[in-house]
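Participant: This is the content of start-v1.cif (mmCIF, C-alpha atoms and all ligand atoms):
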```cif
data_structure
loop_
_atom_site.label_atom_id
_atom_site.label_comp_id
_atom_site.auth_asym_id
_atom_site.auth_seq_id
_atom_site.Cartn_x
_atom_site.Cartn_y
_atom_site.Cartn_z
CA MET A 27 3.48 201.44 183.27
CA ALA A 28 3.05 197.67 183.60
CA ARG A 29 -0.55 196.44 183.15
CA GLU A 30 -0.17 194.41 186.36
CA ALA A 31 0.14 197.60 188.45
CA GLY A 32 -3.01 198.42 190.41
CA PHE A 33 -5.68 200.81 189.14
CA ALA A 34 -4.71 203.71 191.41
CA THR A 35 -1.02 203.34 190.49
CA ARG A 36 -1.85 203.36 186.78
CA ALA A 37 -4.09 206.40 187.28
CA VAL A 38 -1.10 208.35 188.61
CA HIS A 39 1.65 207.00 186.35
CA ALA A 40 0.37 205.40 183.12
CA GLY A 41 1.40 207.38 180.06
CA GLN A 42 3.25 209.90 182.19
CA GLY A 43 6.72 209.76 183.72
CA PRO A 44 8.95 212.64 184.79
CA ASP A 45 9.71 214.90 181.80
CA PRO A 46 12.84 213.37 180.14
CA HIS A 47 14.33 216.81 179.44
CA THR A 48 13.91 218.53 182.83
CA GLY A 49 12.87 215.85 185.32
CA ALA A 50 9.64 217.78 186.06
CA VAL A 51 7.31 215.29 187.75
CA VAL A 52 4.24 216.91 186.20
CA PRO A 53 4.34 216.56 182.42
CA PRO A 54 4.52 219.85 180.49
CA ILE A 55 1.59 220.92 178.31
CA HIS A 56 2.61 220.72 174.66
CA LEU A 57 0.83 223.61 173.02
CA ALA A 58 2.67 223.40 169.67
CA THR A 59 0.41 222.92 166.68
CA THR A 60 3.22 221.77 164.38
CA TYR A 61 6.53 219.93 164.73
CA ALA A 62 9.90 220.37 163.01
CA GLN A 63 10.67 217.60 160.53
CA ASP A 64 14.29 216.40 160.19
CA GLU A 65 13.78 215.85 156.48
CA VAL A 66 10.69 216.00 154.29
CA GLY A 67 8.38 213.36 155.70
CA ARG A 68 10.82 212.33 158.51
CA THR A 69 9.21 213.39 161.81
CA ARG A 70 10.10 212.63 165.44
CA GLY A 71 6.68 211.06 165.93
CA PHE A 72 4.47 214.14 165.64
CA GLU A 73 3.66 216.34 162.68
CA TYR A 74 0.46 218.30 163.40
CA SER A 75 -1.51 218.50 166.65
CA ARG A 76 -4.94 217.61 165.27
CA THR A 77 -3.38 214.32 164.14
CA ASP A 78 -1.43 213.66 167.33
CA ASN A 79 -0.07 215.71 170.22
CA PRO A 80 2.28 214.62 173.04
CA THR A 81 -0.06 215.73 175.85
CA ARG A 82 -3.06 214.07 174.22
CA ARG A 83 -1.05 210.91 173.65
CA GLN A 84 -0.19 210.76 177.38
CA LEU A 85 -3.88 211.08 178.27
CA GLU A 86 -4.85 208.45 175.71
CA GLU A 87 -2.27 206.00 177.07
CA CYS A 88 -3.43 206.59 180.63
CA LEU A 89 -7.12 206.07 179.75
CA ALA A 90 -6.32 202.94 177.73
CA SER A 91 -4.40 201.56 180.69
CA LEU A 92 -7.31 202.23 183.09
CA GLU A 93 -9.81 200.48 180.81
CA GLU A 94 -7.31 197.66 180.11
CA ALA A 95 -7.52 198.54 176.41
CA THR A 96 -4.83 198.46 173.76
CA HIS A 97 -5.92 201.76 172.20
CA GLY A 98 -7.24 205.01 173.62
CA LEU A 99 -8.55 208.02 171.71
CA ALA A 100 -9.47 211.36 173.26
CA PHE A 101 -12.11 213.70 171.86
CA ALA A 102 -13.37 217.22 172.49
CA SER A 103 -16.51 215.98 174.29
CA GLY A 104 -18.45 212.81 175.00
CA LEU A 105 -20.73 213.60 172.07
CA ALA A 106 -17.73 214.22 169.78
CA ALA A 107 -16.56 210.72 170.75
CA THR A 108 -20.06 209.30 170.09
CA THR A 109 -20.24 211.03 166.70
CA THR A 110 -16.86 209.65 165.68
CA VAL A 111 -17.87 206.10 166.63
CA LEU A 112 -21.08 206.42 164.58
CA LEU A 113 -19.07 207.65 161.58
CA LEU A 114 -17.56 204.18 161.36
CA LEU A 115 -20.97 203.00 160.13
CA ASN A 116 -22.36 203.31 156.60
CA PRO A 117 -25.72 204.50 155.23
CA GLY A 118 -28.23 201.68 155.62
CA ASP A 119 -26.70 200.41 158.87
CA HIS A 120 -28.91 199.91 161.90
CA VAL A 121 -28.14 200.60 165.57
CA LEU A 122 -29.99 199.16 168.57
CA PHE A 123 -29.74 201.42 171.61
CA SER A 124 -30.66 201.41 175.24
CA GLU A 125 -34.03 203.17 175.62
CA ASP A 126 -32.97 205.32 178.59
CA VAL A 127 -29.81 206.56 176.89
CA TYR A 128 -28.43 210.03 177.73
CA GLY A 129 -30.74 212.65 176.14
CA GLY A 130 -27.93 214.21 174.09
CA SER A 131 -27.00 210.83 172.61
CA PHE A 132 -30.66 210.28 171.70
CA ARG A 133 -30.78 213.71 170.03
CA LEU A 134 -27.63 212.91 168.04
CA PHE A 135 -29.10 209.57 166.89
CA ASP A 136 -32.57 210.93 166.17
CA LYS A 137 -31.96 214.39 164.77
CA VAL A 138 -28.52 214.16 163.15
CA MET A 139 -27.38 210.65 162.29
CA THR A 140 -30.70 209.55 160.77
CA ARG A 141 -30.11 212.27 158.12
CA TYR A 142 -27.03 210.32 157.01
CA GLY A 143 -28.84 207.04 156.38
CA LEU A 144 -28.41 205.34 159.76
CA SER A 145 -31.45 203.93 161.53
CA PHE A 146 -31.90 203.49 165.28
CA THR A 147 -34.24 201.40 167.42
CA ALA A 148 -34.65 201.82 171.16
CA VAL A 149 -34.78 198.63 173.23
CA ASP A 150 -35.08 197.72 176.91
CA PRO A 151 -31.38 197.02 177.62
CA THR A 152 -32.17 194.84 180.63
CA ASP A 153 -34.07 192.40 178.41
CA VAL A 154 -31.44 190.37 176.53
CA GLY A 155 -34.20 188.48 174.66
CA ALA A 156 -35.59 191.81 173.36
CA ILE A 157 -32.10 192.81 172.24
CA GLU A 158 -31.66 189.51 170.42
CA ALA A 159 -35.09 189.88 168.79
CA GLY A 160 -34.27 193.47 167.79
CA ILE A 161 -31.16 192.53 165.79
CA THR A 162 -31.85 192.74 162.03
CA PRO A 163 -29.63 191.77 159.09
CA THR A 164 -28.45 195.42 158.90
CA THR A 165 -27.73 195.85 162.63
CA ARG A 166 -24.06 196.71 163.10
CA LEU A 167 -23.93 198.19 166.57
CA ILE A 168 -25.58 197.90 169.99
CA TRP A 169 -25.24 201.01 172.14
CA LEU A 170 -25.46 200.48 175.89
CA GLU A 171 -25.08 202.45 179.09
CA SER A 172 -24.71 200.84 182.52
CA PRO A 173 -25.80 202.15 184.96
CA THR A 174 -28.32 203.93 182.73
CA ASN A 175 -29.09 207.61 182.91
CA PRO A 176 -31.16 208.69 184.85
CA LEU A 177 -32.82 205.49 186.16
CA LEU A 178 -29.60 203.64 187.11
CA ARG A 179 -30.68 200.37 185.53
CA ILE A 180 -27.95 197.74 185.28
CA VAL A 181 -27.35 196.04 181.95
CA ASP A 182 -25.82 192.59 181.70
CA ILE A 183 -22.96 193.62 179.41
CA ALA A 184 -21.50 190.11 179.08
CA ALA A 185 -24.88 188.59 178.11
CA VAL A 186 -25.58 191.30 175.52
CA CYS A 187 -22.08 190.88 174.03
CA GLU A 188 -22.58 187.14 173.68
CA VAL A 189 -25.85 187.62 171.77
CA ALA A 190 -24.34 190.42 169.65
CA HIS A 191 -21.16 188.57 168.74
CA ASP A 192 -23.12 185.50 167.64
CA ARG A 193 -24.67 187.80 165.01
CA ASP A 194 -21.45 189.76 164.15
CA VAL A 195 -22.75 192.92 165.79
CA PHE A 196 -20.40 195.25 167.71
CA VAL A 197 -21.16 196.50 171.21
CA CYS A 198 -20.23 199.98 172.44
CA VAL A 199 -20.74 200.71 176.14
CA ASP A 200 -21.05 204.32 177.26
CA SER A 201 -19.53 203.71 180.68
CA THR A 202 -19.65 207.35 181.83
CA PHE A 203 -21.76 206.55 184.92
CA ALA A 204 -19.55 203.69 186.09
CA SER A 205 -16.19 205.30 185.21
CA PRO A 206 -13.23 202.99 184.58
CA CYS A 207 -13.02 202.62 188.34
CA LEU A 208 -16.22 200.56 188.75
CA THR A 209 -16.77 198.61 185.50
CA ARG A 210 -14.42 197.37 182.74
CA PRO A 211 -16.74 196.64 179.79
CA LEU A 212 -13.95 195.38 177.50
CA GLY A 213 -13.27 192.57 179.97
CA LEU A 214 -16.98 191.67 179.72
CA GLY A 215 -16.75 191.39 175.94
CA ALA A 216 -17.56 194.91 174.69
CA ASP A 217 -15.79 196.05 171.52
CA LEU A 218 -15.70 199.72 172.46
CA VAL A 219 -15.99 201.72 175.66
CA LEU A 220 -16.94 205.37 175.58
CA HIS A 221 -16.74 208.04 178.26
CA SER A 222 -17.89 211.57 178.65
CA SER A 223 -14.69 212.47 180.51
CA THR A 224 -16.45 215.70 181.45
CA LYS A 225 -17.89 213.61 184.32
CA PHE A 226 -16.02 211.32 186.77
CA ILE A 227 -12.78 211.20 184.76
CA GLY A 228 -12.23 214.98 184.85
CA GLY A 229 -14.08 215.21 188.14
CA HIS A 230 -13.83 218.97 188.76
CA SER A 231 -16.48 220.52 186.45
CA ASP A 232 -13.79 222.40 184.56
CA VAL A 233 -13.23 220.46 181.35
CA VAL A 234 -15.45 218.98 178.64
CA GLY A 235 -14.01 215.85 177.05
CA GLY A 236 -14.67 212.40 175.66
CA ALA A 237 -12.80 209.16 175.11
CA VAL A 238 -13.11 205.85 173.26
CA LEU A 239 -11.14 202.76 174.28
CA THR A 240 -10.81 199.51 172.37
CA SER A 241 -8.54 196.51 171.99
CA ASN A 242 -9.66 195.87 168.40
CA ASP A 243 -6.75 196.98 166.16
CA ASP A 244 -8.90 197.35 163.05
CA VAL A 245 -11.55 199.45 164.80
CA ALA A 246 -8.83 201.53 166.47
CA ALA A 247 -7.17 202.28 163.12
CA LYS A 248 -10.53 203.38 161.65
CA LEU A 249 -11.25 205.53 164.70
CA ARG A 250 -7.78 207.08 164.55
CA PHE A 251 -8.39 207.94 160.87
CA HIS A 252 -11.74 209.56 161.70
CA GLN A 253 -10.35 211.36 164.77
CA ASN A 254 -7.93 213.15 162.44
CA ALA A 255 -10.25 213.42 159.43
CA VAL A 256 -13.18 214.84 161.41
CA GLY A 257 -11.02 216.73 163.89
CA ALA A 258 -13.17 216.72 167.06
CA VAL A 259 -10.04 216.66 169.24
CA PRO A 260 -9.44 218.11 172.72
CA SER A 261 -6.96 220.93 173.39
CA PRO A 262 -3.63 220.04 175.06
CA PHE A 263 -4.68 222.02 178.14
CA ASP A 264 -7.91 220.03 178.43
CA CYS A 265 -5.91 216.79 178.12
CA TRP A 266 -3.60 217.96 180.89
CA LEU A 267 -6.55 218.89 183.15
CA LEU A 268 -8.05 215.44 182.57
CA MET A 269 -4.77 213.74 183.53
CA ARG A 270 -4.68 215.83 186.68
CA GLY A 271 -8.25 214.78 187.49
CA ILE A 272 -7.58 211.10 186.78
CA LYS A 273 -4.90 210.92 189.49
CA THR A 274 -7.64 211.14 192.14
CA LEU A 275 -10.32 209.22 190.21
CA GLU A 276 -10.34 206.20 192.52
CA LEU A 277 -10.31 208.30 195.71
CA ARG A 278 -13.19 210.41 194.45
CA VAL A 279 -15.30 207.52 193.17
CA ILE A 280 -14.93 205.58 196.42
CA ARG A 281 -15.98 208.61 198.44
CA GLN A 282 -18.82 209.52 196.08
CA SER A 283 -20.14 205.94 195.96
CA ASP A 284 -20.05 205.54 199.75
CA SER A 285 -21.87 208.85 200.24
CA ALA A 286 -24.38 207.98 197.48
CA MET A 287 -25.09 204.67 199.24
CA ALA A 288 -25.74 206.46 202.55
CA ILE A 289 -27.98 209.02 200.83
CA ALA A 290 -29.92 206.32 198.95
CA ARG A 291 -30.58 204.49 202.25
CA TRP A 292 -31.66 207.72 203.91
CA LEU A 293 -33.98 208.67 201.03
CA ASP A 294 -35.44 205.17 201.04
CA LEU A 295 -36.80 205.77 204.56
CA HIS A 296 -38.11 209.28 203.86
CA LYS A 297 -41.93 209.62 203.81
CA GLN A 298 -41.92 212.17 201.00
CA VAL A 299 -39.87 209.91 198.71
CA ARG A 300 -41.91 207.58 196.52
CA HIS A 301 -39.06 205.54 195.02
CA VAL A 302 -35.27 205.48 195.11
CA TYR A 303 -33.22 204.29 192.12
CA TYR A 304 -29.76 203.17 193.23
CA PRO A 305 -28.14 199.85 192.26
CA GLY A 306 -26.50 199.58 195.69
CA LEU A 307 -29.89 199.05 197.37
CA SER A 308 -30.70 195.36 197.80
CA GLU A 309 -34.25 195.85 196.45
CA HIS A 310 -32.95 197.39 193.19
CA PRO A 311 -33.75 194.88 190.39
CA GLY A 312 -30.18 195.06 189.08
CA HIS A 313 -28.50 194.77 192.48
CA ALA A 314 -27.22 191.20 192.13
CA LEU A 315 -25.88 191.92 188.65
CA ALA A 316 -24.30 195.18 189.83
CA ARG A 317 -22.51 193.28 192.60
CA LYS A 318 -21.07 190.97 189.96
CA GLN A 319 -20.34 193.51 187.23
CA MET A 320 -19.17 196.53 189.25
CA SER A 321 -16.16 196.56 191.55
CA GLY A 322 -17.96 196.46 194.89
CA ARG A 323 -19.37 200.00 194.73
CA PHE A 324 -22.28 201.45 192.79
CA GLY A 325 -21.37 204.98 191.72
CA GLY A 326 -22.14 208.53 192.72
CA VAL A 327 -25.54 209.06 191.07
CA VAL A 328 -28.85 208.51 192.88
CA SER A 329 -32.27 209.27 191.42
CA PHE A 330 -35.56 209.41 193.32
CA ASP A 331 -39.23 210.20 192.81
CA VAL A 332 -41.11 212.49 195.16
CA HIS A 333 -44.91 212.59 195.37
CA SER A 334 -45.64 215.60 193.18
CA ARG A 335 -44.18 217.92 190.57
CA GLY A 336 -44.55 220.79 193.06
CA ALA A 337 -42.57 218.93 195.73
CA ALA A 338 -39.75 218.30 193.25
CA GLN A 339 -39.64 221.99 192.28
CA VAL A 340 -39.66 223.11 195.91
CA ALA A 341 -36.90 220.69 196.90
CA LEU A 342 -34.69 221.76 194.01
CA ARG A 343 -35.23 225.42 194.89
CA ARG A 344 -34.40 224.85 198.57
CA LEU A 345 -31.18 222.85 198.16
CA LYS A 346 -28.11 224.80 199.24
CA VAL A 347 -25.14 222.42 199.29
CA PHE A 348 -26.37 220.61 196.17
CA THR A 349 -26.25 223.01 193.20
CA LEU A 350 -29.14 222.95 190.73
CA ALA A 351 -27.22 222.11 187.55
CA GLU A 352 -26.84 219.54 184.79
CA SER A 353 -23.84 217.18 184.64
CA LEU A 354 -22.48 214.75 187.21
CA GLY A 355 -19.41 213.04 188.55
CA ALA A 356 -17.55 216.06 189.92
CA VAL A 357 -16.39 216.99 193.42
CA GLU A 358 -19.38 219.27 194.03
CA SER A 359 -22.82 217.75 194.51
CA LEU A 360 -25.43 218.60 191.89
CA ALA A 361 -29.19 218.07 191.64
CA GLU A 362 -31.44 218.29 188.59
CA LEU A 363 -34.83 217.45 187.11
CA PRO A 364 -34.05 215.15 184.14
CA ALA A 365 -37.46 215.64 182.44
CA ALA A 366 -36.84 219.38 182.12
CA MET A 367 -33.05 219.43 181.95
CA THR A 368 -30.73 216.59 180.82
CA HIS A 369 -33.52 214.58 179.17
CA ALA A 370 -35.63 217.41 177.75
CA SER A 371 -34.60 216.33 174.23
CA VAL A 372 -36.16 212.89 174.74
CA PRO A 373 -39.79 212.92 173.41
CA ALA A 374 -42.40 213.20 176.16
CA GLU A 375 -44.02 209.82 175.23
CA MET A 376 -40.65 208.08 175.54
CA ARG A 377 -40.00 209.74 178.91
CA ALA A 378 -43.46 208.66 180.09
CA HIS A 379 -42.81 205.09 178.91
CA LEU A 380 -39.50 205.03 180.81
CA GLY A 381 -40.83 206.63 183.97
CA VAL A 382 -38.74 209.79 183.70
CA GLY A 383 -41.43 212.15 184.95
CA GLU A 384 -41.66 215.59 186.49
CA THR A 385 -41.29 214.08 189.97
CA LEU A 386 -37.90 212.46 189.29
CA ILE A 387 -34.84 214.16 190.79
CA ARG A 388 -31.30 213.08 189.91
CA LEU A 389 -28.49 213.70 192.38
CA SER A 390 -24.81 213.63 191.56
CA VAL A 391 -23.08 213.11 194.88
CA GLY A 392 -19.80 214.96 195.33
CA VAL A 393 -17.06 214.65 197.93
CA GLU A 394 -18.48 216.98 200.59
CA ASP A 395 -19.24 215.63 204.10
CA VAL A 396 -22.11 213.22 203.71
CA ASP A 397 -23.78 214.55 206.88
CA ASP A 398 -23.97 217.99 205.27
CA LEU A 399 -25.47 216.49 202.12
CA ILE A 400 -28.13 214.60 204.08
CA ALA A 401 -28.89 217.69 206.20
CA ASP A 402 -29.34 219.66 202.97
CA LEU A 403 -31.81 217.08 201.62
CA GLU A 404 -33.60 217.03 204.98
CA GLN A 405 -34.24 220.77 204.92
CA ALA A 406 -35.20 220.72 201.22
CA LEU A 407 -37.71 217.87 201.19
CA PRO A 408 -41.18 218.70 202.50
CA HIS A 409 -41.92 217.05 205.88
N1 LIG A 501 -22.92 210.00 177.87
C1 LIG A 501 -23.50 210.21 179.07
C2 LIG A 501 -23.96 209.04 179.86
C3 LIG A 501 -23.67 211.52 179.54
O1 LIG A 501 -24.27 211.71 180.73
C4 LIG A 501 -23.22 212.61 178.74
C5 LIG A 501 -23.39 214.00 179.19
O2 LIG A 501 -24.09 214.28 180.15
C6 LIG A 501 -22.64 212.33 177.50
C7 LIG A 501 -22.49 211.02 177.10
C8 LIG A 501 -22.17 213.43 176.60
O3 LIG A 501 -20.97 213.95 177.04
P1 LIG A 501 -20.46 215.43 176.81
O4 LIG A 501 -21.40 216.32 177.56
O5 LIG A 501 -19.06 215.41 177.34
O6 LIG A 501 -20.53 215.68 175.33
#
```
Write the structure described by the file as C-alpha cells, please.
Facilitator:
Amino acid sequence: MAREAGFATRAVHAGQGPDPHTGAVVPPIHLATTYAQDEVGRTRGFEYSRTDNPTRRQLEECLASLEEATHGLAFASGLAATTTVLLLLNPGDHVLFSEDVYGGSFRLFDKVMTRYGLSFTAVDPTDVGAIEAGITPTTRLIWLESPTNPLLRIVDIAAVCEVAHDRDVFVCVDSTFASPCLTRPLGLGADLVLHSSTKFIGGHSDVVGGAVLTSNDDVAAKLRFHQNAVGAVPSPFDCWLLMRGIKTLELRVIRQSDSAMAIARWLDLHKQVRHVYYPGLSEHPGHALARKQMSGRFGGVVSFDVHSRGAAQVALRRLKVFTLAESLGAVESLAELPAAMTHASVPAEMRAHLGVGETLIRLSVGVEDVDDLIADLEQALPH
C-alpha cells in the first residue's frame, strides 16, 4: 500500500491484500509454528513463528504504515513492548521519564528494571527546561506519553526531541492515548513510538497487545533481535483481531473524540465537578499545543475531579452505561478511579504531587450515543 494513500485507506489495506492462494479478502490466520524448508537453511521467508509469522508480519506492516514508520514490531502486550525497548539499554544507563506515566510502566521501571542496573528519574514532561536539566552523561532515553495518563497533559514532542538529540539521547513516545490516528510522534522527531494496542488500536476489549514503530534501521534490527531472543510475541489470532480492529480505528477515534469533547464541555458546567482535564477545552494549558500536535481532535479519554472521595465512589457505583473497569480506548465506555485502580502502583506521595487523588475519575468514552452517556453521568453525579 502506497504511503501516499490516506490514513483510513492504509488502515484497511496496508500489509493485507486478498489471499494470493484463494482470493479471500480477509487474510487467513497462520497458526503454524514451523515452516517447511526447501533445503537445510533455505526457507520461503519464515522458519519459526516466534521469530516471524505471516499474520504478525501483516499486522506489523499495517502498524508501521499508520505511524509512517519503516519498521513495525508487535508484542504480546504494551508492557512486553516496553520491556523489550528497555532491554536495548545497558547496566549503568539512565532514563528520564514523564512523571505521570502509566502506573504499570512506572512499576516496570521502579520494581523490575532498576534490578538490572538501569536508573530512572521522573520529570515534568511539559517543562522542556527541566528535561534538559535532567539529562546526565549516562542518560540514553527519554520516555514520554502525550496525552499523559490520567491527567491528559500535552507534551511538546518536537521540543523534547530537539533537546534530546542535541545530547545524543533517544526519545520513545508511548502514544497509546493519542493512537496513530491523532498524533504521529516519528514525524515530530521521536526515535520510537510505542502503543498498548490493547486500547484504541484493538478497540474492542478483546485482545491484549503492544507495538513499537521506528524508522531507525539500527534500532529496528536490535529490537527485532530482542523480540525473538526474549520472545514476548503475540499469537497469530491476536494479530488478526488487531488487524480487524484497525480497519475501523479512524471511525472509532473520531466518534470517541467528538463524544469526549461534548462530555468534557458538559462536565465543565456541572456544579459537582471541581475540574475537568481534557486537551480539547480551550482553558486546558496544553490546548494550543494539542491543536498543533494532534490531528484536529483530542482523544476519547476525559478525567475530572469531583468535590469529595465519597462523591467519586457514589458516582462510580451509580454509573450504568459506563462500566467500572480499568483500560480505555474500546467501543464500550469505561470509568475508573486511577488512584485505586490503574495508578495504584504509583507511590502515594507521587500521586499527591501529581494531583491524582481519590476524587479523580477517568472516563474512557466509547461509541455509544453521546446523549445516553451524558444522561448516565447526570444520574450518577450528586445534584
Ligand atoms: N501505556 C499506557 C499509556 C497504558 O495505558 C497501558 C495500559 O493501560 C500500557 C502502556 C500497558 O499496556 P498493556 O496493558 O497492553 O500491557
Participant: Enter the distance from CA of Pro163 (chain A) to CA of Leu249 (chain A), in Å, rounded to one decimal.
Facilitator: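 Going from CA of Pro163 (chain A) over to CA of Leu249 (chain A) covers 23.6 Å.
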Participant: Measure the distance from CA of Glu358 (chain A) to CA of Leu92 (chain A) in Å and round it to one decimal.
Facilitator: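 Distance reported for this atom pair: 23.6 Å.
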Participant: Padding 5 Å on each side, edges along x, y and z: where is the centre of the box around the listed atoms of ligand LIG 501 (chain A), and how long are its edges in Å to one decimal? Output it as JSON.
Facilitator:
```
{"center_x": -21.7, "center_y": 212.7, "center_z": 178.0, "size_x": 15.2, "size_y": 17.3, "size_z": 15.4}
```
Participant: Please identify the residues whose atoms come within 10 Å of ligand LIG 501 (chain A), using only C-alpha atoms and all ligand atoms, and report them as a PyMOL selection string.
Facilitator: chain A and resi 101-109+126-132+170-176+199-204+220-225+233-237+352-355+368-369
Participant: Quick check, in Å to one decimal: how far apart do CA of Thr165 (chain A) and CA of His191 (chain A) lie?
Facilitator: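 Computed distance, CA of Thr165 (chain A) to CA of His191 (chain A), equals 11.6 Å.
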Participant: Taking 5 positions as the minimum chain separation for residues in the same chain, which residues sit within 12 Å of Ala159 (chain A) when counting all atoms listed in the file? Answer as JSON, numbers by chain.
Facilitator: {"A": [122, 147, 149, 150, 151, 153, 154, 165, 186, 189, 190, 193]}
Participant: Fewer than 6 positions away in the same chain doesn't count, so skip those; otherwise give me all residues within 6 Å of region 316-330 of chain A, counting only C-alpha atoms, as a ChimeraX atom specification.
Facilitator: /A:208-209,282-283,286,301-304,306,386-391
Participant: Of the candidates A:Leu267, A:Ile180, A:Ile289, A:Leu134, which one gets nearest to Ser231 (chain A) if we count only C-alpha atoms?
Facilitator: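 Closest candidate: A:Leu267.
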Participant: Would you please work out which residue, of A:Val51, A:Ala406, A:Ala356, A:Leu99, is nearest to Gly257 (chain A) when using all atoms listed in the file?
Facilitator: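 Among A:Val51, A:Ala406, A:Ala356, A:Leu99, it is A:Leu99 that comes nearest to Gly257 (chain A).
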Participant: Just give me the residues with any atom within 10 Å of (-10.8, 201.5, 172.5), file coordinates, counting all atoms listed in the file, written as a PyMOL selection string.
Facilitator: chain A and resi 86+89-90+93-100+198+212+216-220+237-243+245-246+249
Participant: Could you name the residues that touch Gly336 (chain A) at 9 Å or less, counting only C-alpha atoms, but leaving out those on the same chain fewer than 3 positions away, as a ChimeraX atom specification?
Facilitator: /A:333,339-341,384-385
Participant: Please determine, counting all atoms listed in the file, which residue among A:Val66, A:Leu85, A:Val197, A:Leu178 has the shortest atom-to-atom distance to Gly41 (chain A).
Facilitator: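 Between A:Val66, A:Leu85, A:Val197, A:Leu178, the residue approaching Gly41 (chain A) most closely is A:Leu85.
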Participant: Would you mind listing what lies within 9 Å of region 375-378 of chain A as an NGL selection string, with all atoms listed in the file counted and same-chain residues fewer than 3 positions away left out?
Facilitator: :A and (125-126 or 365 or 369-370 or 372 or 381-383)
Participant: Considering all atoms listed in the file, return as a CSV table (one decimal) with C-alpha atoms, in the coordinates of the input whatever protein or nucleic-acid residues lie within 8 Å of Val52 (chain A), sequence-local ones (same chain, fewer than 3 positions apart) excluded.
Facilitator:
```
chain,number,residue,atom,x,y,z
A,43,GLY,CA,6.7,209.8,183.7
A,44,PRO,CA,9.0,212.6,184.8
A,45,ASP,CA,9.7,214.9,181.8
```
Participant: Could you check which of A:Leu403, A:Leu57, A:Leu214, A:Leu380 is closest to Trp266 (chain A), using all atoms listed in the file?
Facilitator: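 Under the stated criterion, the closest residue is A:Leu57.
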Participant: Using all atoms listed in the file, which of A:Ala255, A:Leu268, A:Ala337, A:Leu167 sits nearest His409 (chain A)?
Facilitator: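 Checking each candidate against His409 (chain A), we get A:Ala337 as the closest.
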Participant: Between A:Arg335, A:Ala37, A:Gly155, A:Pro305, which one has atoms that come closest to Gln84 (chain A), using all atoms listed in the file?
Facilitator: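 Among the listed residues, the smallest separation from Gln84 (chain A) belongs to A:Ala37.
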